[in-house]
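File shown: coords.cif. Contents: mmCIF, C-alpha atoms.
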```cif
data_my_file
loop_
_atom_site.label_atom_id
_atom_site.label_comp_id
_atom_site.auth_asym_id
_atom_site.auth_seq_id
_atom_site.Cartn_x
_atom_site.Cartn_y
_atom_site.Cartn_z
CA MET X 26 -8.61 -28.20 5.25
CA GLY X 27 -7.18 -25.05 3.66
CA GLN X 28 -5.52 -22.31 5.66
CA ILE X 29 -7.06 -19.55 3.56
CA LYS X 30 -10.80 -18.83 3.20
CA VAL X 31 -11.91 -17.30 -0.10
CA THR X 32 -15.32 -15.57 -0.30
CA LYS X 33 -16.85 -14.02 -3.42
CA ALA X 34 -17.79 -10.35 -3.09
CA PRO X 35 -21.13 -9.08 -4.48
CA ILE X 36 -19.43 -8.15 -7.77
CA GLU X 37 -18.10 -11.01 -9.92
CA GLY X 38 -14.31 -10.92 -10.05
CA LEU X 39 -13.80 -9.60 -6.51
CA TYR X 40 -12.87 -11.86 -3.60
CA ILE X 41 -12.28 -11.47 0.14
CA ILE X 42 -9.37 -13.58 1.39
CA GLU X 43 -9.19 -14.47 5.09
CA PRO X 44 -6.22 -16.40 6.49
CA THR X 45 -6.33 -18.77 9.42
CA VAL X 46 -4.41 -17.09 12.24
CA HIS X 47 -2.56 -19.33 14.72
CA GLY X 48 -1.81 -17.33 17.85
CA ASP X 49 -0.61 -17.79 21.41
CA SER X 50 1.14 -15.76 24.09
CA ARG X 51 4.22 -15.44 21.85
CA GLY X 52 2.41 -13.88 18.89
CA TYR X 53 0.86 -15.38 15.78
CA PHE X 54 1.53 -17.16 12.48
CA MET X 55 -0.53 -17.23 9.30
CA GLU X 56 -0.20 -18.13 5.64
CA THR X 57 -0.85 -14.99 3.63
CA TYR X 58 -0.90 -16.80 0.29
CA ASN X 59 -1.37 -20.45 -0.61
CA GLN X 60 -1.58 -21.33 -4.29
CA LYS X 61 -3.41 -24.60 -3.64
CA ASP X 62 -6.15 -22.93 -1.57
CA MET X 63 -6.57 -20.24 -4.21
CA GLU X 64 -6.84 -22.78 -7.02
CA GLU X 65 -9.44 -24.75 -5.07
CA ALA X 66 -11.47 -21.51 -4.97
CA GLY X 67 -11.12 -21.14 -8.75
CA LEU X 68 -8.35 -18.51 -8.70
CA THR X 69 -5.50 -19.59 -10.97
CA MET X 70 -3.71 -16.28 -11.46
CA THR X 71 0.09 -15.99 -11.41
CA PHE X 72 1.72 -13.09 -9.58
CA VAL X 73 4.83 -11.43 -11.03
CA GLN X 74 5.40 -8.38 -8.82
CA ASP X 75 5.02 -7.40 -5.15
CA ASN X 76 4.62 -3.76 -4.08
CA GLU X 77 4.47 -1.90 -0.76
CA SER X 78 3.48 1.68 0.04
CA MET X 79 3.23 3.78 3.19
CA SER X 80 0.67 6.56 3.48
CA SER X 81 -0.55 8.91 6.21
CA LYS X 82 -4.09 9.58 7.38
CA GLY X 83 -6.31 11.21 4.78
CA VAL X 84 -4.28 10.04 1.80
CA LEU X 85 -6.42 8.71 -1.04
CA ARG X 86 -4.66 6.82 -3.84
CA GLY X 87 -6.66 6.06 -6.96
CA LEU X 88 -8.68 5.13 -8.72
CA HIS X 89 -6.04 3.45 -10.92
CA TYR X 90 -5.75 0.77 -13.60
CA GLN X 91 -3.54 -0.20 -16.53
CA LYS X 92 -5.15 -0.06 -19.97
CA GLN X 93 -3.24 -2.47 -22.21
CA TYR X 94 -1.66 -4.52 -19.44
CA PRO X 95 -4.45 -4.84 -16.84
CA GLN X 96 -3.40 -6.14 -13.45
CA GLY X 97 -5.07 -8.41 -10.99
CA LYS X 98 -4.16 -7.32 -7.45
CA LEU X 99 -4.13 -9.16 -4.13
CA VAL X 100 -4.01 -6.37 -1.54
CA ARG X 101 -3.61 -6.27 2.24
CA VAL X 102 -2.64 -3.90 5.04
CA ILE X 103 0.18 -4.76 7.45
CA GLU X 104 -0.03 -1.58 9.55
CA GLY X 105 -3.04 0.64 10.14
CA GLU X 106 -6.38 0.65 8.33
CA VAL X 107 -7.70 1.63 4.90
CA PHE X 108 -10.96 1.55 2.99
CA ASP X 109 -10.16 -0.30 -0.22
CA VAL X 110 -12.34 0.10 -3.32
CA ALA X 111 -12.74 -1.50 -6.74
CA VAL X 112 -14.91 -0.16 -9.59
CA ASP X 113 -16.03 -2.45 -12.43
CA LEU X 114 -14.88 -1.09 -15.81
CA ARG X 115 -15.65 -4.21 -17.87
CA LYS X 116 -17.87 -3.03 -20.73
CA GLU X 117 -19.93 -6.22 -21.00
CA SER X 118 -20.31 -6.74 -17.26
CA SER X 119 -23.77 -6.61 -15.70
CA THR X 120 -22.20 -4.59 -12.87
CA PHE X 121 -20.34 -2.09 -15.08
CA GLY X 122 -19.79 1.12 -13.11
CA HIS X 123 -20.62 -0.50 -9.77
CA TRP X 124 -18.23 -0.33 -6.84
CA TYR X 125 -17.41 -2.46 -3.83
CA GLY X 126 -15.37 -1.47 -0.78
CA GLU X 127 -13.82 -3.35 2.12
CA ILE X 128 -12.07 -2.27 5.32
CA LEU X 129 -8.58 -3.79 5.35
CA SER X 130 -6.47 -3.51 8.48
CA ALA X 131 -3.53 -5.03 10.28
CA GLU X 132 -6.04 -6.13 12.89
CA ASN X 133 -8.59 -7.95 10.70
CA LYS X 134 -5.87 -9.32 8.36
CA LYS X 135 -8.31 -9.49 5.45
CA GLN X 136 -7.06 -9.42 1.89
CA PHE X 137 -8.93 -8.30 -1.22
CA TYR X 138 -8.38 -9.83 -4.66
CA ILE X 139 -9.31 -7.53 -7.54
CA SER X 140 -9.40 -9.15 -10.97
CA PRO X 141 -8.18 -7.35 -14.11
CA GLY X 142 -10.80 -4.97 -15.49
CA PHE X 143 -11.35 -2.90 -12.35
CA ALA X 144 -10.16 0.52 -11.20
CA HIS X 145 -8.67 0.38 -7.71
CA GLY X 146 -7.99 2.83 -4.91
CA PHE X 147 -7.92 3.27 -1.14
CA LEU X 148 -8.36 5.86 1.58
CA VAL X 149 -6.17 5.77 4.72
CA LEU X 150 -8.28 5.88 7.89
CA SER X 151 -5.52 5.44 10.50
CA ASP X 152 -2.60 7.72 11.36
CA VAL X 153 -0.34 5.63 9.11
CA ALA X 154 -0.96 2.66 6.82
CA ARG X 155 1.44 0.25 5.17
CA PHE X 156 -0.18 -1.33 2.13
CA CYS X 157 1.12 -4.44 0.34
CA TYR X 158 -0.08 -5.98 -2.89
CA LYS X 159 0.77 -8.69 -5.39
CA CYS X 160 0.19 -8.05 -9.12
CA THR X 161 -0.48 -10.39 -12.04
CA ASP X 162 1.34 -8.10 -14.51
CA PHE X 163 4.26 -5.73 -14.28
CA TYR X 164 3.94 -1.98 -13.91
CA HIS X 165 4.10 -0.39 -17.37
CA PRO X 166 4.99 3.33 -17.35
CA GLY X 167 2.69 5.29 -19.62
CA ASP X 168 -0.09 2.67 -19.53
CA GLU X 169 -1.83 3.93 -16.40
CA GLY X 170 -5.39 5.19 -16.50
CA GLY X 171 -7.56 6.63 -13.80
CA LEU X 172 -11.07 7.37 -12.69
CA ALA X 173 -12.28 10.27 -10.54
CA TRP X 174 -12.50 9.06 -6.94
CA ASN X 175 -15.60 11.20 -6.26
CA ASP X 176 -17.57 10.75 -9.51
CA PRO X 177 -21.25 11.06 -8.46
CA GLN X 178 -22.27 8.62 -11.21
CA ILE X 179 -20.36 5.91 -9.33
CA GLY X 180 -21.20 7.25 -5.87
CA ILE X 181 -18.50 5.66 -3.72
CA LYS X 182 -19.31 6.16 -0.04
CA TRP X 183 -15.86 6.83 1.42
CA PRO X 184 -16.04 6.43 5.22
CA LYS X 185 -14.97 9.23 7.54
CA LEU X 186 -14.73 11.71 4.67
CA VAL X 187 -16.57 15.04 4.69
CA GLY X 188 -16.92 17.37 1.71
CA ILE X 189 -19.07 18.62 -1.14
CA TYR X 190 -18.54 17.59 -4.77
CA ASN X 191 -17.40 20.57 -6.87
CA GLY X 192 -17.59 18.96 -10.31
CA THR X 193 -13.98 17.73 -10.45
CA ALA X 194 -11.69 15.23 -8.73
CA ASP X 195 -9.97 18.04 -6.84
CA ASN X 196 -9.76 17.50 -3.09
CA THR X 197 -10.37 21.11 -2.03
CA GLY X 198 -12.78 21.25 0.90
CA TYR X 199 -12.69 17.54 1.71
CA HIS X 200 -11.44 16.41 5.12
CA MET X 201 -11.71 13.75 7.81
CA PRO X 202 -13.96 14.36 10.86
CA ASP X 203 -10.96 15.43 12.96
CA GLY X 204 -10.01 18.06 10.37
CA THR X 205 -7.28 16.09 8.58
CA PRO X 206 -7.44 17.30 4.96
CA LEU X 207 -7.94 14.82 2.13
CA ASN X 208 -4.55 14.35 0.48
CA ILE X 209 -4.38 13.20 -3.14
CA SER X 210 -1.73 13.50 -5.84
CA ASP X 211 -1.86 16.15 -8.55
CA LYS X 212 -2.33 13.34 -11.07
CA ASP X 213 -5.36 11.96 -9.22
CA LYS X 214 -6.99 15.40 -9.19
CA LYS X 215 -7.26 15.30 -12.98
CA TRP X 216 -9.00 12.00 -13.66
CA LEU X 217 -12.45 12.20 -15.26
CA GLY X 218 -15.69 10.42 -14.41
CA LEU X 219 -17.11 7.13 -15.62
CA LYS X 220 -18.73 8.51 -18.78
CA ASP X 221 -15.30 9.66 -20.04
CA SER X 222 -13.33 6.70 -18.70
CA PHE X 223 -11.48 3.95 -20.51
CA VAL X 224 -13.41 0.65 -20.46
CA PHE X 225 -12.25 -2.96 -20.79
CA ASN X 226 -13.83 -4.95 -23.61
CA SER X 227 -13.66 -8.28 -21.82
#
```
What is this file in structure tokens?
Amino acid sequence: MGQIKVTKAPIEGLYIIEPTVHGDSRGYFMETYNQKDMEEAGLTMTFVQDNESMSSKGVLRGLHYQKQYPQGKLVRVIEGEVFDVAVDLRKESSTFGHWYGEILSAENKKQFYISPGFAHGFLVLSDVARFCYKCTDFYHPGDEGGLAWNDPQIGIKWPKLVGIYNGTADNTGYHMPDGTPLNISDKDKKWLGLKDSFVFNS
């Protein structure tokens, strides 16, 4: 029996990965990646790069993708909690423009596999979050694209976020219930909505 459970999300190309956790009074052990278990679930991707980021509460990163060198990403949180989101940008997909989100935390130990052809982002819900992910292609400077995190056409329901859409991806006026302001990069404030976004042909 495999040590890793793979479940398809409602959108084709997205998967929830749940490891078997072996714990006792000393702590715990788990396999975070097992190629055999993934292949048995139909996932045959090869990873070439591992990344890690640390972000504080209220930070939103995304929604990002690479245009000519699209990446598949296996993401997880090793400290704190985030709401992780993928948006389907595959032109011929029956779910084009649809989104799916999952709470990832150090506590639930879930992972989220996002196939190439999606925009990806996350919002930090805890005081601090450390976010790790494996990629199927390398980072290519100058190839990055983005999608407005608050585009009403997509309608992502970000948890614990209060604010009113002002027609742009700017974060002015958005905050968490405790008053923590939404914190996004200058670059992420400039992305456009779905109707003006890059799309993947396959």
Worksheet item: Expanded to explicit residues, what is the PyMOL selection byres ((chain X and resi 61) around 12) for this file, as a list in words?
Response: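 On the file shown, the PyMOL selection byres ((chain X and resi 61) around 12) covers Met26, Gly27, Gln28, Ile29, Lys30, Val31, Glu56, Tyr58, Asn59, Gln60, Asp62, Met63, Glu64, Glu65, Ala66, Gly67, Leu68, Thr69 and Met70 of chain X.
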Worksheet item: What do you get, as an MDAnalysis selection string, if you spell out every residue that the PyMOL selection byres ((chain X and resi 116-132) around 10) selects here?
Response: chainID X and resid 34:37 39 41 100:115 133:137 142:151 154:156 178:184 219:220 223:227
Residues as selected, C-alpha atoms, written as a short mmCIF file (atom, residue, chain, number, x, y, z; two decimals), keeping the file's coordinate frame, can you do that?
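Here's the written file part.cif:
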```
data_model
loop_
_atom_site.label_atom_id
_atom_site.label_comp_id
_atom_site.auth_asym_id
_atom_site.auth_seq_id
_atom_site.Cartn_x
_atom_site.Cartn_y
_atom_site.Cartn_z
CA ALA X 34 -17.79 -10.35 -3.09
CA PRO X 35 -21.13 -9.08 -4.48
CA ILE X 36 -19.43 -8.15 -7.77
CA GLU X 37 -18.10 -11.01 -9.92
CA LEU X 39 -13.80 -9.60 -6.51
CA ILE X 41 -12.28 -11.47 0.14
CA VAL X 100 -4.01 -6.37 -1.54
CA ARG X 101 -3.61 -6.27 2.24
CA VAL X 102 -2.64 -3.90 5.04
CA ILE X 103 0.18 -4.76 7.45
CA GLU X 104 -0.03 -1.58 9.55
CA GLY X 105 -3.04 0.64 10.14
CA GLU X 106 -6.38 0.65 8.33
CA VAL X 107 -7.70 1.63 4.90
CA PHE X 108 -10.96 1.55 2.99
CA ASP X 109 -10.16 -0.30 -0.22
CA VAL X 110 -12.34 0.10 -3.32
CA ALA X 111 -12.74 -1.50 -6.74
CA VAL X 112 -14.91 -0.16 -9.59
CA ASP X 113 -16.03 -2.45 -12.43
CA LEU X 114 -14.88 -1.09 -15.81
CA ARG X 115 -15.65 -4.21 -17.87
CA ASN X 133 -8.59 -7.95 10.70
CA LYS X 134 -5.87 -9.32 8.36
CA LYS X 135 -8.31 -9.49 5.45
CA GLN X 136 -7.06 -9.42 1.89
CA PHE X 137 -8.93 -8.30 -1.22
CA GLY X 142 -10.80 -4.97 -15.49
CA PHE X 143 -11.35 -2.90 -12.35
CA ALA X 144 -10.16 0.52 -11.20
CA HIS X 145 -8.67 0.38 -7.71
CA GLY X 146 -7.99 2.83 -4.91
CA PHE X 147 -7.92 3.27 -1.14
CA LEU X 148 -8.36 5.86 1.58
CA VAL X 149 -6.17 5.77 4.72
CA LEU X 150 -8.28 5.88 7.89
CA SER X 151 -5.52 5.44 10.50
CA ALA X 154 -0.96 2.66 6.82
CA ARG X 155 1.44 0.25 5.17
CA PHE X 156 -0.18 -1.33 2.13
CA GLN X 178 -22.27 8.62 -11.21
CA ILE X 179 -20.36 5.91 -9.33
CA GLY X 180 -21.20 7.25 -5.87
CA ILE X 181 -18.50 5.66 -3.72
CA LYS X 182 -19.31 6.16 -0.04
CA TRP X 183 -15.86 6.83 1.42
CA PRO X 184 -16.04 6.43 5.22
CA LEU X 219 -17.11 7.13 -15.62
CA LYS X 220 -18.73 8.51 -18.78
CA PHE X 223 -11.48 3.95 -20.51
CA VAL X 224 -13.41 0.65 -20.46
CA PHE X 225 -12.25 -2.96 -20.79
CA ASN X 226 -13.83 -4.95 -23.61
CA SER X 227 -13.66 -8.28 -21.82
#
```
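Note that atom CA of Asn191 of chain X and atom CA of Gly167 of chain X are 28.3 Å apart.
In terms of minimum interatomic distance to Leu85 of chain X, X:Asn175 ranks closest within X:Thr193, X:Ser222, X:Asn175, X:Thr71, counting all atoms listed in the file.
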Discussion item. For the PyMOL selection byres ((chain X and resi 89) around 7), applied here, can you spell out every residue it catches as an NGL selection string?
Written reply: :X and (87-88 or 90 or 144-146 or 169-172)
Just-selected residues, C-alpha atoms written as an mmCIF file, in the frame of the given file:
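Okay, this is what ended up in again.cif:
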```cif
data_model
loop_
_atom_site.group_PDB
_atom_site.id
_atom_site.type_symbol
_atom_site.label_atom_id
_atom_site.label_comp_id
_atom_site.auth_asym_id
_atom_site.auth_seq_id
_atom_site.Cartn_x
_atom_site.Cartn_y
_atom_site.Cartn_z
ATOM 1 C CA GLY X 87 -6.660 6.060 -6.960
ATOM 2 C CA LEU X 88 -8.680 5.130 -8.720
ATOM 3 C CA TYR X 90 -5.750 0.770 -13.600
ATOM 4 C CA ALA X 144 -10.160 0.520 -11.200
ATOM 5 C CA HIS X 145 -8.670 0.380 -7.710
ATOM 6 C CA GLY X 146 -7.990 2.830 -4.910
ATOM 7 C CA GLU X 169 -1.830 3.930 -16.400
ATOM 8 C CA GLY X 170 -5.390 5.190 -16.500
ATOM 9 C CA GLY X 171 -7.560 6.630 -13.800
ATOM 10 C CA LEU X 172 -11.070 7.370 -12.690
#
```
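Here the selection is built from only C-alpha atoms, and the residues within 9 Å of (0.0, -3.5, -4.8) turn out to be Gln74, Asp75, Asn76, Glu77, Ser78, Lys98, Leu99, Val100, Arg101, Phe156, Cys157, Tyr158, Lys159 and Cys160 of chain X.
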Please enclose the listed atoms of segment 203-214 of chain X in an axis-aligned box, pad each side by 5 Å, and write out the centre and the three edge lengths in Å, rounded to one decimal, as JSON.
```
{"center_x": -6.3, "center_y": 15.0, "center_z": 0.9, "size_x": 19.2, "size_y": 16.1, "size_z": 34.0}
```
Worksheet item: In Å, with one decimal, what is the gap from atom CA of Asp152 of chain X to atom CA of Ser81 of chain X?
Response: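 These atoms are spaced 5.7 Å apart.
For the pair atom CA of Thr57 of chain X and atom CA of Pro44 of chain X, the interatomic distance is 6.2 Å.
Environment of (-6.5, -6.5, -12.3): residues at most 6 Å away, judged by only C-alpha atoms, are Pro95, Gln96, Gly97, Lys98, Ile139, Ser140, Pro141 and Gly142 of chain X.
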Go ahead and write the selection's residues with C-alpha atoms as a compact mmCIF listing (two decimals), in the frame of the given file.
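What landed in out34.txt:
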```txt
# COMPACT_ATOMS: atom_id res chain seq x y z
CA PRO X 95 -4.45 -4.84 -16.84
CA GLN X 96 -3.40 -6.14 -13.45
CA GLY X 97 -5.07 -8.41 -10.99
CA LYS X 98 -4.16 -7.32 -7.45
CA ILE X 139 -9.31 -7.53 -7.54
CA SER X 140 -9.40 -9.15 -10.97
CA PRO X 141 -8.18 -7.35 -14.11
CA GLY X 142 -10.80 -4.97 -15.49
```
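When the distance limit is 7 Å and all atoms listed in the file are what count, the residues near Leu207 of chain X, minus those fewer than 6 positions from it on the same chain, are Gly83, Val84, Asn196, Tyr199, His200 and Met201 of chain X.
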Fill in: Counting only C-alpha atoms, the residue of X:Phe72, X:Gln93, X:Ser80, X:Asp49 that sits nearest Asn208 of chain X
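Ranked by minimum distance to Asn208 of chain X, first place goes to X:Ser80.
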